[in-house]
>>> print(open('data21.tsv').read())   # TSV, C-alpha atoms
chain	number	residue	atom	x	y	z
A	175	GLU	CA	-0.60	126.32	-50.39
A	176	SER	CA	-2.28	127.44	-47.17
A	177	GLU	CA	0.68	129.68	-46.31
A	178	MET	CA	0.47	131.24	-49.75
A	179	ALA	CA	-3.28	131.81	-49.39
A	180	LEU	CA	-2.82	133.39	-45.96
A	181	ALA	CA	-0.09	135.70	-47.27
A	182	ARG	CA	-2.28	136.72	-50.20
A	183	GLN	CA	-5.19	137.44	-47.87
A	184	LYS	CA	-2.98	139.56	-45.61
A	185	ILE	CA	-1.71	141.60	-48.55
A	186	GLU	CA	-5.22	142.17	-49.87
A	187	SER	CA	-6.42	143.16	-46.38
A	188	VAL	CA	-3.63	145.72	-45.93
A	189	MET	CA	-4.19	147.22	-49.37
A	190	THR	CA	-7.96	147.44	-48.87
A	191	THR	CA	-7.40	149.16	-45.52
A	192	VAL	CA	-5.06	151.74	-47.07
A	193	GLU	CA	-7.40	152.31	-50.01
A	194	THR	CA	-10.42	152.89	-47.77
A	195	ALA	CA	-8.52	155.23	-45.45
A	196	THR	CA	-7.20	157.29	-48.37
A	197	GLU	CA	-10.62	157.54	-49.98
A	198	ASN	CA	-12.08	158.72	-46.66
A	199	LEU	CA	-9.32	161.31	-46.35
A	200	SER	CA	-10.10	162.61	-49.83
A	201	TRP	CA	-13.80	162.91	-49.02
A	202	THR	CA	-13.14	164.72	-45.73
A	203	ALA	CA	-10.64	167.13	-47.26
A	204	GLY	CA	-13.08	167.95	-50.04
A	205	LEU	CA	-15.49	169.30	-47.45
A	206	ILE	CA	-12.98	171.72	-45.88
A	207	LEU	CA	-11.21	173.11	-48.94
A	208	GLU	CA	-11.96	176.65	-47.77
A	209	SER	CA	-9.98	176.01	-44.58
A	210	PRO	CA	-6.60	174.55	-45.62
A	211	GLU	CA	-5.14	175.37	-42.21
A	212	TYR	CA	-7.15	172.42	-40.86
A	213	PHE	CA	-5.86	169.81	-43.32
A	214	PHE	CA	-3.40	168.32	-40.85
A	215	ILE	CA	-6.26	167.21	-38.58
A	216	PRO	CA	-7.83	164.57	-40.87
A	217	ILE	CA	-4.42	163.46	-42.16
A	218	ARG	CA	-3.18	162.91	-38.62
A	219	ARG	CA	-6.35	161.04	-37.62
A	220	MET	CA	-5.86	158.76	-40.60
A	221	MET	CA	-2.29	158.02	-39.48
A	222	GLU	CA	-3.31	157.40	-35.88
A	223	THR	CA	-5.80	154.72	-36.87
A	224	ASN	CA	-3.68	153.00	-39.54
A	225	ASP	CA	-0.27	151.91	-38.28
A	226	ILE	CA	0.74	150.45	-41.66
A	227	ILE	CA	0.74	153.91	-43.30
A	228	MET	CA	4.15	155.60	-43.17
A	229	ASP	CA	2.98	159.02	-44.33
A	230	ALA	CA	-0.05	160.63	-45.92
A	231	ALA	CA	-0.66	163.85	-47.79
A	232	LEU	CA	-2.98	166.09	-49.75
A	233	ALA	CA	-1.44	167.50	-52.92
A	234	PHE	CA	-3.13	170.20	-54.94
A	235	THR	CA	-3.10	171.22	-58.58
A	236	ASP	CA	-0.99	174.10	-59.87
A	237	GLY	CA	-1.79	177.28	-57.92
A	238	PHE	CA	-5.05	176.02	-56.43
A	239	TYR	CA	-4.26	178.15	-53.40
A	240	PRO	CA	-2.68	181.23	-55.06
A	241	GLU	CA	-1.49	182.68	-51.77
A	242	ARG	CA	0.53	179.51	-51.17
A	243	GLY	CA	2.22	179.51	-54.56
A	244	LYS	CA	2.45	176.88	-57.29
A	245	TRP	CA	2.70	173.86	-54.99
A	246	PHE	CA	0.85	172.95	-51.82
A	247	GLU	CA	1.24	169.52	-50.21
A	248	PRO	CA	0.48	169.25	-46.49
A	249	LEU	CA	1.92	165.93	-45.27
A	250	VAL	CA	2.09	164.02	-42.00
A	251	ALA	CA	4.96	161.54	-41.55
A	252	ARG	CA	5.39	158.89	-38.89
A	253	ARG	CA	8.38	159.53	-36.63
A	254	GLY	CA	8.87	156.80	-34.03
A	255	ASP	CA	5.92	157.00	-31.65
A	256	GLY	CA	4.87	160.42	-32.95
A	257	PHE	CA	4.23	162.40	-36.11
A	258	GLU	CA	5.80	165.26	-38.01
A	259	GLU	CA	3.71	167.76	-39.94
A	260	MET	CA	5.24	169.49	-42.96
A	261	VAL	CA	4.22	171.36	-46.09
A	262	LEU	CA	6.02	170.17	-49.23
A	263	GLY	CA	6.15	171.28	-52.84
A	264	SER	CA	8.95	173.10	-54.65
A	265	GLU	CA	11.03	172.98	-57.81
A	266	SER	CA	13.19	170.29	-56.19
A	267	HIS	CA	10.11	168.36	-55.03
A	268	ASP	CA	7.72	168.84	-57.93
A	269	TYR	CA	5.05	166.31	-57.01
A	270	MET	CA	3.04	167.33	-60.07
A	271	THR	CA	5.33	165.18	-62.22
A	272	ALA	CA	5.03	162.09	-59.99
A	273	GLU	CA	2.99	159.08	-61.08
A	274	TRP	CA	1.01	159.04	-57.83
A	275	PHE	CA	-0.20	162.58	-58.60
A	276	THR	CA	-0.71	162.51	-62.37
A	277	LYS	CA	-2.41	159.13	-62.74
A	278	PRO	CA	-5.46	159.71	-60.50
A	279	ILE	CA	-6.01	163.13	-62.05
A	280	LEU	CA	-5.85	161.74	-65.60
A	281	THR	CA	-7.97	158.65	-64.92
A	282	GLY	CA	-10.28	159.98	-62.22
A	283	LYS	CA	-9.64	156.78	-60.26
A	284	GLY	CA	-7.54	155.59	-57.36
A	285	SER	CA	-4.37	153.64	-58.15
A	286	TRP	CA	-1.20	152.17	-56.69
A	287	SER	CA	2.15	153.52	-57.86
A	288	GLU	CA	5.24	151.64	-58.87
A	289	PRO	CA	7.77	151.29	-56.02
A	290	TYR	CA	10.08	154.30	-55.66
A	291	PHE	CA	12.55	155.71	-53.14
A	292	ASP	CA	10.97	158.37	-50.92
A	293	ASP	CA	13.84	160.77	-50.21
A	294	ILE	CA	11.66	163.39	-48.51
A	295	ALA	CA	9.53	161.91	-45.75
A	296	GLY	CA	10.54	158.29	-45.28
A	297	MET	CA	13.99	157.74	-46.82
A	298	THR	CA	12.97	154.24	-47.89
A	299	THR	CA	11.31	152.44	-50.79
A	300	VAL	CA	7.55	152.87	-50.79
A	301	ILE	CA	4.43	152.39	-52.84
A	302	THR	CA	1.71	155.03	-52.85
A	303	TYR	CA	-2.03	154.71	-53.09
A	304	SER	CA	-3.63	157.93	-54.31
A	305	VAL	CA	-7.13	159.02	-55.24
A	306	PRO	CA	-8.58	162.15	-56.85
A	307	LEU	CA	-9.51	164.95	-54.46
A	308	LYS	CA	-12.67	166.73	-55.58
A	309	ASP	CA	-14.47	169.90	-54.57
A	310	THR	CA	-18.20	169.97	-53.85
A	311	THR	CA	-18.97	170.36	-57.58
A	312	GLY	CA	-17.04	167.20	-58.47
A	313	ALA	CA	-14.08	168.99	-60.04
A	314	ILE	CA	-10.68	167.39	-59.37
A	315	VAL	CA	-8.45	169.81	-57.46
A	316	GLY	CA	-5.69	167.47	-56.31
A	317	VAL	CA	-5.10	164.04	-54.79
A	318	ALA	CA	-5.08	162.35	-51.41
A	319	ALA	CA	-2.22	159.90	-50.98
A	320	ALA	CA	-0.80	157.40	-48.51
A	321	ASP	CA	2.58	155.64	-48.52
A	322	ILE	CA	3.46	152.21	-47.19
A	323	THR	CA	6.99	150.84	-47.12
A	324	MET	CA	8.03	147.69	-48.93
A	325	GLU	CA	9.68	146.28	-45.80
A	326	TRP	CA	6.56	144.52	-44.48
A	327	LEU	CA	5.96	142.95	-47.88
A	328	ASN	CA	9.54	141.68	-48.12
A	329	ALA	CA	9.29	140.23	-44.60
A	330	LEU	CA	5.99	138.53	-45.45
A	331	MET	CA	7.52	136.85	-48.50
A	332	GLY	CA	10.29	135.44	-46.31
A	333	GLN	CA	7.72	133.75	-44.08
A	334	ILE	CA	6.41	131.53	-46.87
A	335	GLN	CA	8.10	128.19	-46.25
A	336	LEU	CA	6.27	125.50	-48.20
A	337	TYR	CA	9.58	123.62	-48.50
A	338	PRO	CA	13.11	124.14	-47.15
A	339	ASP	CA	14.76	127.16	-48.83
A	340	SER	CA	11.51	128.21	-50.54
A	341	TYR	CA	10.41	131.84	-50.48
A	342	GLY	CA	7.83	134.16	-51.99
A	343	THR	CA	8.05	136.93	-54.55
A	344	ILE	CA	5.63	139.50	-55.90
A	345	VAL	CA	5.74	141.12	-59.34
A	346	ASN	CA	3.40	143.73	-60.79
A	347	GLY	CA	1.58	143.61	-64.09
A	348	ASN	CA	4.67	144.89	-65.92
A	349	GLY	CA	6.85	142.13	-64.50
A	350	THR	CA	8.69	144.45	-62.10
A	351	LEU	CA	9.80	142.72	-58.90
A	352	LEU	CA	8.01	144.37	-55.98
A	353	ALA	CA	9.00	142.18	-53.06
A	354	SER	CA	11.17	139.25	-52.04
A	355	PRO	CA	13.10	138.39	-48.88
A	356	PRO	CA	16.28	140.47	-48.41
A	357	GLU	CA	18.46	137.37	-48.78
A	358	THR	CA	17.34	134.67	-51.20
A	359	LEU	CA	19.12	131.81	-52.90
A	360	LYS	CA	19.93	132.03	-56.58
A	361	VAL	CA	17.84	129.09	-57.67
A	362	ALA	CA	18.37	127.54	-61.12
A	363	ASN	CA	15.20	126.28	-62.82
A	364	PRO	CA	13.04	126.46	-59.70
A	365	LEU	CA	9.48	125.26	-59.33
A	366	ARG	CA	6.99	128.11	-59.03
A	367	TYR	CA	3.44	128.27	-57.75
A	368	THR	CA	1.79	131.51	-58.81
A	369	SER	CA	-1.51	133.22	-58.00
A	370	SER	CA	-2.96	136.69	-58.46
A	371	VAL	CA	-3.31	139.22	-55.63
A	372	GLY	CA	-6.86	140.57	-55.71
A	373	ASP	CA	-7.48	143.07	-58.51
A	374	THR	CA	-4.08	144.76	-58.14
A	375	GLY	CA	-2.59	143.16	-61.25
A	376	TRP	CA	0.13	141.72	-58.99
A	377	SER	CA	1.21	138.08	-59.01
A	378	MET	CA	2.61	136.22	-56.02
A	379	SER	CA	4.86	133.20	-56.55
A	380	VAL	CA	6.45	130.65	-54.27
A	381	VAL	CA	9.93	129.81	-55.52
A	382	ILE	CA	10.98	126.27	-54.61
A	383	PRO	CA	14.38	124.65	-55.39
A	384	GLN	CA	13.75	121.33	-57.15
A	385	GLU	CA	16.03	119.49	-54.74
A	386	SER	CA	13.69	120.49	-51.92
A	387	VAL	CA	10.89	118.50	-53.54
A	388	PHE	CA	12.54	115.62	-55.36
>>> encode(input="data21.tsv", output="structure tokens")
Amino acid sequence: ESEMALARQKIESVMTTVETATENLSWTAGLILESPEYFFIPIRRMMETNDIIMDAALAFTDGFYPERGKWFEPLVARRGDGFEEMVLGSESHDYMTAEWFTKPILTGKGSWSEPYFDDIAGMTTVITYSVPLKDTTGAIVGVAAADITMEWLNALMGQIQLYPDSYGTIVNGNGTLLASPPETLKVANPLRYTSSVGDTGWSMSVVIPQESVF
């Protein structure tokens, strides 16, 4: 139980860190909307102080910067010990249809996305936390977003060893499997201990083969 509690605390700590960093990025960007050429500076600072974040971006609503066209998404991606700056947005990468962009704009609140494969910046499965980006009048003009890979979560689930051959899993509120160790046993009728993960709507379970207990 203690291992499960520690894992849950670590997950909640990481998510809170990413949420706070993304909200700070949104606030900072909202103050310099008239100088988009400087957007890479706060994004990069965010990345430098948060190793868990794989990439981060600001994505704007349709034609917000007319001179830059329909799309405008300055992004900084982690590359080994350094960073790569890029500007994304095109018909082939229409971020305006992505959940991480549409949901914060519709709800006016920050949210975590479902896992998806990032084939642009990271080439791996990620989840995104994104928040509305507002101008000084409070109007939503885009979103600030940060990606974290699922690899650390999968590794963390593999470290939960309450009993021999036990392991952890995480599912979201829709029942979609978010994380489990890369190699797990196919356990028939296992015992499960389940608890919620903060206010994410996620549930973490420890899967235990019955023969490990009885």
>>> residues_around(input="data21.tsv", residues="Gln335 in chain A", least_positions_apart="6", cutoff="9 Å", atoms="all atoms listed in the file", output="number ranges by chain")
A: 177-178, 341-342, 380
>>> closest_residue(input="data21.tsv", among="A:Ile185, A:Ser176, A:Val371, A:Asn363", to="Leu330 in chain A", atoms="all atoms listed in the file")
A:Ile185
>>> residues_near_point(input="data21.tsv", point="(-8.9, 167.7, -49.2)", cutoff="8 Å", atoms="all atoms listed in the file", output="VMD selection string")
chain A and resid 199 to 207 213 232 307 to 308 316 to 318
>>> atom_distance(input="data21.tsv", atom1="CA of Glu288 in chain A", atom2="CA of Asp309 in chain A")
27.2 Å
>>> closest_residue(input="data21.tsv", among="A:Val192, A:Leu327, A:Val305, A:Ala179", to="Gly284 in chain A", atoms="only C-alpha atoms")
A:Val305
>>> atom_distance(input="data21.tsv", atom1="CA of Gly347 in chain A", atom2="CA of Thr235 in chain A")
28.5 Å
>>> atom_distance(input="data21.tsv", atom1="CA of Thr194 in chain A", atom2="CA of Glu222 in chain A")
14.6 Å
>>> closest_residue(input="data21.tsv", among="A:Met331, A:Ile217, A:Met297, A:Ile227", to="Glu259 in chain A", atoms="only C-alpha atoms")
A:Ile217
>>> residues_around(input="data21.tsv", residues="Pro355 in chain A", least_positions_apart="5", cutoff="7 Å", atoms="all atoms listed in the file", output="PyMOL selection string")
chain A and resi 328-329+331-332
>>> write_last_selection(input="data21.tsv", atoms="C-alpha atoms", output="mmCIF file, in the frame of the given file")
data_model
loop_
_atom_site.group_PDB
_atom_site.id
_atom_site.type_symbol
_atom_site.label_atom_id
_atom_site.label_comp_id
_atom_site.auth_asym_id
_atom_site.auth_seq_id
_atom_site.Cartn_x
_atom_site.Cartn_y
_atom_site.Cartn_z
ATOM 1 C CA ASN A 328 9.540 141.680 -48.120
ATOM 2 C CA ALA A 329 9.290 140.230 -44.600
ATOM 3 C CA MET A 331 7.520 136.850 -48.500
ATOM 4 C CA GLY A 332 10.290 135.440 -46.310
#
>>> closest_residue(input="data21.tsv", among="A:Pro240, A:Pro216, A:Gly349, A:Gly254", to="Gly296 in chain A", atoms="all atoms listed in the file")
A:Gly254
>>> closest_residue(input="data21.tsv", among="A:Glu193, A:Asp268, A:Asp321, A:Asp373", to="Phe291 in chain A", atoms="all atoms listed in the file")
A:Asp321
>>> residues_around(input="data21.tsv", residues="Phe275 in chain A", least_positions_apart="3", cutoff="9 Å", atoms="only C-alpha atoms", output="PyMOL selection string")
chain A and resi 233-234+269-272+278-279+304-306+316-319
>>> closest_residue(input="data21.tsv", among="A:Leu365, A:Asn198, A:Thr299, A:Leu180", to="Ile334 in chain A", atoms="only C-alpha atoms")
A:Leu180
>>> residues_around(input="data21.tsv", residues="Tyr367 in chain A", least_positions_apart="5", cutoff="9 Å", atoms="only C-alpha atoms", output="ChimeraX atom specification")
/A:175,378-382
